[in-house]
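Participant: Right, I'll just put the structure down here and ask away after.
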Amino acid sequence: MLIRKPNDIPSSEITPESVYINRRHFIGKTAGIALGGVAGAGAIGGAIAGRPGRAAAQTAQVGQRDWSAVRTELGEELNSFEDVTTYNNFYEFGTQKEDPARNAHTLRPRPWTIEVGGMCANPGVYGLEDFIRPGTMEDRIYRLRCVEAWSMVIPWYGFALKDVIDRADPLGSARYVEFKTLLDPEQMPGQRARVLDWPYVEGLRLDEARHPLTILATGVYGQDLPNQNGAPIRLVVPWKYGFKGIKSIVSMTFTEQEPFNSWKRSASHEYGFYANVNPEVNHPRWSQARERRLGPNCGVFSCEQIPTMLFNGYVDQVAGLYAGLDLRVYY
Amino acid sequence: MNKKRRVLLLKGLVWLLCLAPGVWLVWRGFTDRLGANAIEEVLHRLGDTSLVILLVTLSITPIRRLTGWNDLAPLRRPLGLFAFFYLTTHFLWYAVVDEGLAFEFIVEDVIERPYILAGFTAWLMLIPLAITSTKGWIRRLKKNWQKLHRLVYVATGLGVLHFYWQVKADTYWPLVATTVLVALMLLRIRQARRPSQRSLAD
């Protein structure tokens with residue numbers, strides 16, 4: 001059954017308290033929520049419009065909670081809202097990192113529809129609000145490792161992709177799910193340049209798609225996704241390179257064939273279908289052994305270069321998916 | 001205005017225009033406007049600047065021959081040296097700031113990554129050109145000076161290749177650079193076949 005929620009209520013306001021209480025590394029939550037309720041709006045405005053700055057304090061109260069003490073399971077600090085929303089790869093709005101923040105205002109993320117189709121029992125076209133079930137929404141603090149050898153830590157807000165898959169009820173013969181981004185050069189001016197074959201296509205094997213770490217995110221820092229981050233809904237697969245995280249999704253199709261994802265289509269010797277983070281398998285033109293961790297410890301004259309972890313540090317959770325698969329061949 | 005004053009004025013303009021990208025970067029650094037990946041931003045802008053100035057340097061002689069405006073000839077030396085300055089800063093930024101002088105990584109990069117090898121070779125090639133850019137060296141090397149300094153075409157070609165090899169999909173600017181370089185070389189070859197009064201660097 002689909003539960004509707006009115007459009008005008010920000011998703012952050014109806015986040016169940018259990019979400020907050022469940023955070024393992026969340027310290028001083030009560031004070032944070034109280035303070036965040038008052039200072040939240042101002043802090044968000046300041047972070048967007050204010051002078052650039054990456055001080056943690058500046059974005060500590062983005063959204064409804066105090067994020068300053070939040071860490072990953074490995075104790076890593078979050079990147080600021082500023083970092084997350086001004087340094088983006090979203091070629092639909094230009095190929096430079098600062099382009100999406102500058103150009104994505106032309107995207108109209110609401111109203112939004114998503115078409116679910118292909119080999120499943122319950123195909124259909126859904127409004128975004130029918131897709132999202134408020135009760136399942138939660139914050140997920142994930143590392144994001146870009147294929148370009150930089151990384152961030154981002155507090156996404158979203159729900160398990162499995163939830164949508166179960167509702168669609170794929171046929172037994174379906175093995176993959178393919179996603180597409182909106183195709184509309186009016187809203188996405190970067191699509192006028194044939195840098196990639198538009199629309200952007202990505203896909204997952206169904207077992208990867210059903211994995212509990214795989215989410216569809218509609219927000220970051222507890223609030224709706226800014227356009228440049230893939231509003232209104234995007235994929236997040238934390239053990240894969242960032243380009244697997246397709247943005248502004250308009251369709252989901254269950255298939256028997258492996259989807260031919262955009263970067264593989266663009267340069268198949270450099271980018272594969274799997275794109276699992278792997279320090280042992282280099283990009284043909286650069287090393288994947290290390291990554292530059294952007295954020296609090298990254299300045300003009302020094303920036304942490306840290307060793308890249310197999311499956312981006314989620315090896316315990318996902319290694320089982322790839323038992324017997326040669327990761328050098330299926331990169 | 002006599003020739004000496006015109007040249008002085010043009011050289012002043014070259015200094016101003018060539019210093020501007022550096023000043024701009026420093027200003028962005030001080031005001032925290034370099035974005036989340038400041039090190040990479042500085043690295044890329046230093047590389048861009050160097051390549052653009054190199055291409056401008058190479059365009060001086062063709063333009064001079066086309067227009068007969070000989071006042072431009074003395075601009076080649078400061079332009080070339082500015083390009084070398086930005087390229088050296090680009091390399092040092094990579095080696096010292098980006099890689100933190102981790103030699104095992106730098107050596108691995110140069111050996112295993114063709115685009116880094118290309119850029120590194122271009123820089124090595126420009127070192128003797130920068131050293132021999134003085135009047136004394138022009139006199140000493142005589143005709144060999146010009147031969148030696150033709151290396152600038154090879155170095156610029158490697159620079160363009162270095163640029164091209166590292167973009168992921170958007171090859172627009174590398175292709176613009178390639179087109180400019182090829183056009184300049186074709187012009188130069190055509191002009192070299194025609195007799196005309198030539199002047200060495202002065």
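FYI, nothing fancy with the structure tokens labels: chains A, B, ... in order, residues from 1 per chain, ligands from 1 as they appear.
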Please tabulate, as a tab-separated table, the residues of chain A that come within 9 Å of chain B, each with its closest pair of atoms and the distance in Å to one decimal, counting only C-alpha atoms and ordering rows by chain, then residue number upward.

Facilitator:
residue	atom	partner	partner_atom	distance
A:Arg51	CA	B:Asp32	CA	8.4
A:Pro52	CA	B:Asp32	CA	6.3
A:Gly53	CA	B:Asp32	CA	6.4
A:Arg54	CA	B:Ala36	CA	8.0
A:Glu82	CA	B:Ala36	CA	8.2
A:Asp83	CA	B:Ala36	CA	5.4
A:Val84	CA	B:Ala36	CA	8.5
A:Thr86	CA	B:Gly35	CA	7.3
A:Tyr87	CA	B:Ala36	CA	6.2
A:Thr95	CA	B:Asp170	CA	6.8
A:Lys97	CA	B:Gly35	CA	8.8
A:Glu98	CA	B:Gly35	CA	7.9
A:Glu148	CA	B:Lys168	CA	8.9
A:Trp150	CA	B:Asn37	CA	8.5
A:Arg194	CA	B:Asp170	CA	8.7
A:Val195	CA	B:Asp170	CA	5.5
A:Leu196	CA	B:Ala169	CA	7.1
A:Trp263	CA	B:Ala169	CA	8.9
A:Ser266	CA	B:Ala169	CA	7.5
A:Ala267	CA	B:Ala169	CA	8.5
A:Pro284	CA	B:Arg113	CA	8.1
A:Arg285	CA	B:Arg113	CA	5.8
A:Trp286	CA	B:Arg113	CA	6.4
A:Ser287	CA	B:Asp109	CA	8.2
A:Arg292	CA	B:Asn37	CA	8.6
A:Leu294	CA	B:Asn37	CA	6.3
A:Gly295	CA	B:Ala36	CA	6.9
A:Cys298	CA	B:Asn37	CA	7.6
A:Gly299	CA	B:Ala38	CA	6.6
A:Val300	CA	B:Ala38	CA	5.2
A:Phe301	CA	B:Val97	CA	5.9
A:Ser302	CA	B:Val97	CA	6.2
A:Cys303	CA	B:Ile39	CA	7.4
A:Gln305	CA	B:Glu99	CA	8.4

Participant: For the residues selected in the previous step, produce a file with C-alpha atoms as a PDB file, in the first residue's frame.

Facilitator:
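This went into result_31.pdb:
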ATOM      1  CA  ARG A  51      30.816  33.279   1.880  1.00  0.00           C
ATOM      2  CA  PRO A  52      32.350  29.921   1.140  1.00  0.00           C
ATOM      3  CA  GLY A  53      33.893  28.274   4.120  1.00  0.00           C
ATOM      4  CA  ARG A  54      34.344  24.741   5.277  1.00  0.00           C
ATOM      5  CA  GLU A  82      28.962  23.431   1.443  1.00  0.00           C
ATOM      6  CA  ASP A  83      31.365  20.729   0.166  1.00  0.00           C
ATOM      7  CA  VAL A  84      28.560  18.337  -0.659  1.00  0.00           C
ATOM      8  CA  THR A  86      29.252  22.844  -4.489  1.00  0.00           C
ATOM      9  CA  TYR A  87      31.637  20.135  -5.698  1.00  0.00           C
ATOM     10  CA  THR A  95      31.464  19.215 -16.717  1.00  0.00           C
ATOM     11  CA  LYS A  97      32.751  20.637 -10.493  1.00  0.00           C
ATOM     12  CA  GLU A  98      31.258  24.045  -9.765  1.00  0.00           C
ATOM     13  CA  GLU A 148      38.491  10.370  -9.923  1.00  0.00           C
ATOM     14  CA  TRP A 150      38.583  11.916  -4.251  1.00  0.00           C
ATOM     15  CA  ARG A 194      27.168  15.452 -26.537  1.00  0.00           C
ATOM     16  CA  VAL A 195      29.667  14.772 -23.793  1.00  0.00           C
ATOM     17  CA  LEU A 196      27.832  11.558 -22.921  1.00  0.00           C
ATOM     18  CA  TRP A 263      30.272   5.599 -18.610  1.00  0.00           C
ATOM     19  CA  SER A 266      31.609   6.224 -23.189  1.00  0.00           C
ATOM     20  CA  ALA A 267      34.853   4.298 -22.526  1.00  0.00           C
ATOM     21  CA  PRO A 284      44.024   2.783 -16.937  1.00  0.00           C
ATOM     22  CA  ARG A 285      45.123   6.401 -16.570  1.00  0.00           C
ATOM     23  CA  TRP A 286      45.428   6.820 -12.832  1.00  0.00           C
ATOM     24  CA  SER A 287      45.889   4.901  -9.614  1.00  0.00           C
ATOM     25  CA  ARG A 292      41.984  12.533  -1.475  1.00  0.00           C
ATOM     26  CA  LEU A 294      38.004  16.285   0.937  1.00  0.00           C
ATOM     27  CA  GLY A 295      36.594  18.046   3.952  1.00  0.00           C
ATOM     28  CA  CYS A 298      41.686  19.360   3.398  1.00  0.00           C
ATOM     29  CA  GLY A 299      43.111  22.813   2.845  1.00  0.00           C
ATOM     30  CA  VAL A 300      44.943  24.726   0.145  1.00  0.00           C
ATOM     31  CA  PHE A 301      48.404  23.474   1.075  1.00  0.00           C
ATOM     32  CA  SER A 302      47.676  20.070   2.451  1.00  0.00           C
ATOM     33  CA  CYS A 303      44.967  17.527   1.943  1.00  0.00           C
ATOM     34  CA  GLN A 305      45.532  11.301   0.900  1.00  0.00           C
TER      35      GLN A 305
END

Participant: Using DSSP on the backbone coordinates, identify the residues of range 60-119 of chain A assigned to alpha helix (DSSP H); present them as a list of chain:residue names.

Facilitator: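 Those residues are A:Phe81, A:Glu82, A:Asp83, A:Val84, A:Thr85, A:Thr86, A:Asp99, A:Pro100, A:Ala101, A:Arg102, A:Asn103.
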
Participant: If we count only C-alpha atoms, what is near range 77-87 of chain B at a cut-off of 7 Å, once residues fewer than 2 positions away on the same chain are taken out, given as a list of chain:residue names?

Facilitator: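 Everything that qualifies: B:Cys18, B:Leu46, B:Gly47, B:Thr49, B:Ser50, B:Ile53, B:Leu54, B:Thr57, B:Pro74, B:Leu75, B:Thr89, B:His90, B:Phe91, B:Trp123, B:Leu126, B:Ala130, B:Ser133.
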
Participant: Any chance you could export the current selection's C-alpha atoms as a PDB file, in the first residue's frame?

Facilitator:
ATOM      1  CA  CYS B  18      50.713  37.007 -17.291  1.00  0.00           C
ATOM      2  CA  LEU B  46      48.453  26.544 -13.111  1.00  0.00           C
ATOM      3  CA  GLY B  47      48.562  23.959 -15.892  1.00  0.00           C
ATOM      4  CA  THR B  49      47.720  29.071 -17.601  1.00  0.00           C
ATOM      5  CA  SER B  50      51.035  27.612 -18.655  1.00  0.00           C
ATOM      6  CA  ILE B  53      50.799  31.294 -22.456  1.00  0.00           C
ATOM      7  CA  LEU B  54      52.812  28.733 -24.426  1.00  0.00           C
ATOM      8  CA  THR B  57      54.121  32.576 -27.338  1.00  0.00           C
ATOM      9  CA  PRO B  74      60.640  40.965 -28.251  1.00  0.00           C
ATOM     10  CA  LEU B  75      57.565  39.633 -26.428  1.00  0.00           C
ATOM     11  CA  THR B  89      54.960  26.025 -10.354  1.00  0.00           C
ATOM     12  CA  HIS B  90      52.488  23.453 -11.713  1.00  0.00           C
ATOM     13  CA  PHE B  91      55.087  20.685 -11.374  1.00  0.00           C
ATOM     14  CA  TRP B 123      58.744  20.470 -18.454  1.00  0.00           C
ATOM     15  CA  LEU B 126      61.622  23.658 -21.467  1.00  0.00           C
ATOM     16  CA  ALA B 130      64.584  28.872 -20.290  1.00  0.00           C
ATOM     17  CA  SER B 133      66.841  32.490 -23.361  1.00  0.00           C
TER      18      SER B 133
END

Participant: Tell me, as a PyMOL selection string, which residues lie within 10 Å of range 144-148 of chain B, counting only C-alpha atoms; anything in the same chain fewer than 5 positions away does not count.

Facilitator: chain B and resi 125+128-129+132-133+137-139+200-201

Participant: Please produce a file of the residues just selected, as a compact mmCIF listing (two decimals), in the first residue's frame, where the atoms kept are N, CA and C atoms.

Facilitator:
# COMPACT_ATOMS: atom_id res chain seq x y z
N MET B 125 61.95 19.49 -21.14
CA MET B 125 62.38 20.09 -22.41
C MET B 125 62.49 21.61 -22.31
N PRO B 128 66.15 23.67 -20.62
CA PRO B 128 67.26 24.27 -21.39
C PRO B 128 66.83 25.50 -22.17
N LEU B 129 65.59 25.54 -22.61
CA LEU B 129 65.13 26.71 -23.36
C LEU B 129 65.08 27.94 -22.46
N THR B 132 68.71 29.09 -21.84
CA THR B 132 69.37 29.71 -22.99
C THR B 132 68.54 30.84 -23.60
N SER B 133 67.68 31.43 -22.80
CA SER B 133 66.84 32.49 -23.36
C SER B 133 67.51 33.87 -23.30
N TRP B 137 73.44 33.67 -24.57
CA TRP B 137 73.28 32.33 -25.12
C TRP B 137 72.91 32.36 -26.60
N ILE B 138 72.13 33.36 -26.98
CA ILE B 138 71.76 33.48 -28.40
C ILE B 138 73.04 33.69 -29.22
N ARG B 139 73.91 34.55 -28.72
CA ARG B 139 75.17 34.82 -29.41
C ARG B 139 76.04 33.56 -29.45
N LEU B 200 66.07 37.17 -35.12
CA LEU B 200 66.21 36.28 -33.98
C LEU B 200 65.64 36.99 -32.76
N ALA B 201 65.54 36.30 -31.70
CA ALA B 201 65.05 36.94 -30.48
C ALA B 201 65.97 38.10 -30.14

Participant: Go through B:Ala73, B:Ala118, B:Leu55, B:Leu151 and flag the residue nearest Thr179 in chain B, using only C-alpha atoms for the distances.

Facilitator: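 Of B:Ala73, B:Ala118, B:Leu55, B:Leu151, the one nearest Thr179 in chain B is B:Leu55, counting only C-alpha atoms.
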
Participant: Tell me, in Å to one decimal, how far CA of Val182 in chain B is from CA of Thr67 in chain B.

Facilitator: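 One can read the CA of Val182 in chain B to CA of Thr67 in chain B distance as 19.9 Å.
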
Participant: Report as a list in words all protein, DNA and RNA residues lying within 8 Å of Pro259 in chain A, evaluated on only C-alpha atoms, omitting residues in the same chain fewer than 6 positions from it.

Facilitator: Tyr176, Val177, Glu178, Val201, Glu202, Gly203, Leu204 and Phe273 of chain A

Participant: Let me make sure I understand: among B:Gly12, B:Gly119, B:Gly136, B:Pro174, which one has the smallest atom-to-atom distance to His162 in chain B if we use only C-alpha atoms?

Facilitator: B:Gly119

Participant: Taking 5 positions as the minimum chain separation for residues in the same chain, which residues sit within 9 Å of Leu128 in chain A when counting only C-alpha atoms? Answer as a PyMOL selection string.

Facilitator: chain A and resi 110-114+232-233

Participant: Take the residues just selected and output them with C-alpha atoms as a compact mmCIF listing (two decimals), in the first residue's frame.

Facilitator:
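Result file is selection-v2.txt:
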# COMPACT_ATOMS: atom_id res chain seq x y z
CA ARG A 110 8.43 18.85 -8.45
CA PRO A 111 6.07 17.54 -9.60
CA TRP A 112 8.06 14.44 -10.55
CA THR A 113 7.06 11.04 -11.84
CA ILE A 114 8.95 7.78 -11.97
CA PRO A 232 14.39 14.88 -6.34
CA ILE A 233 15.61 11.29 -6.09
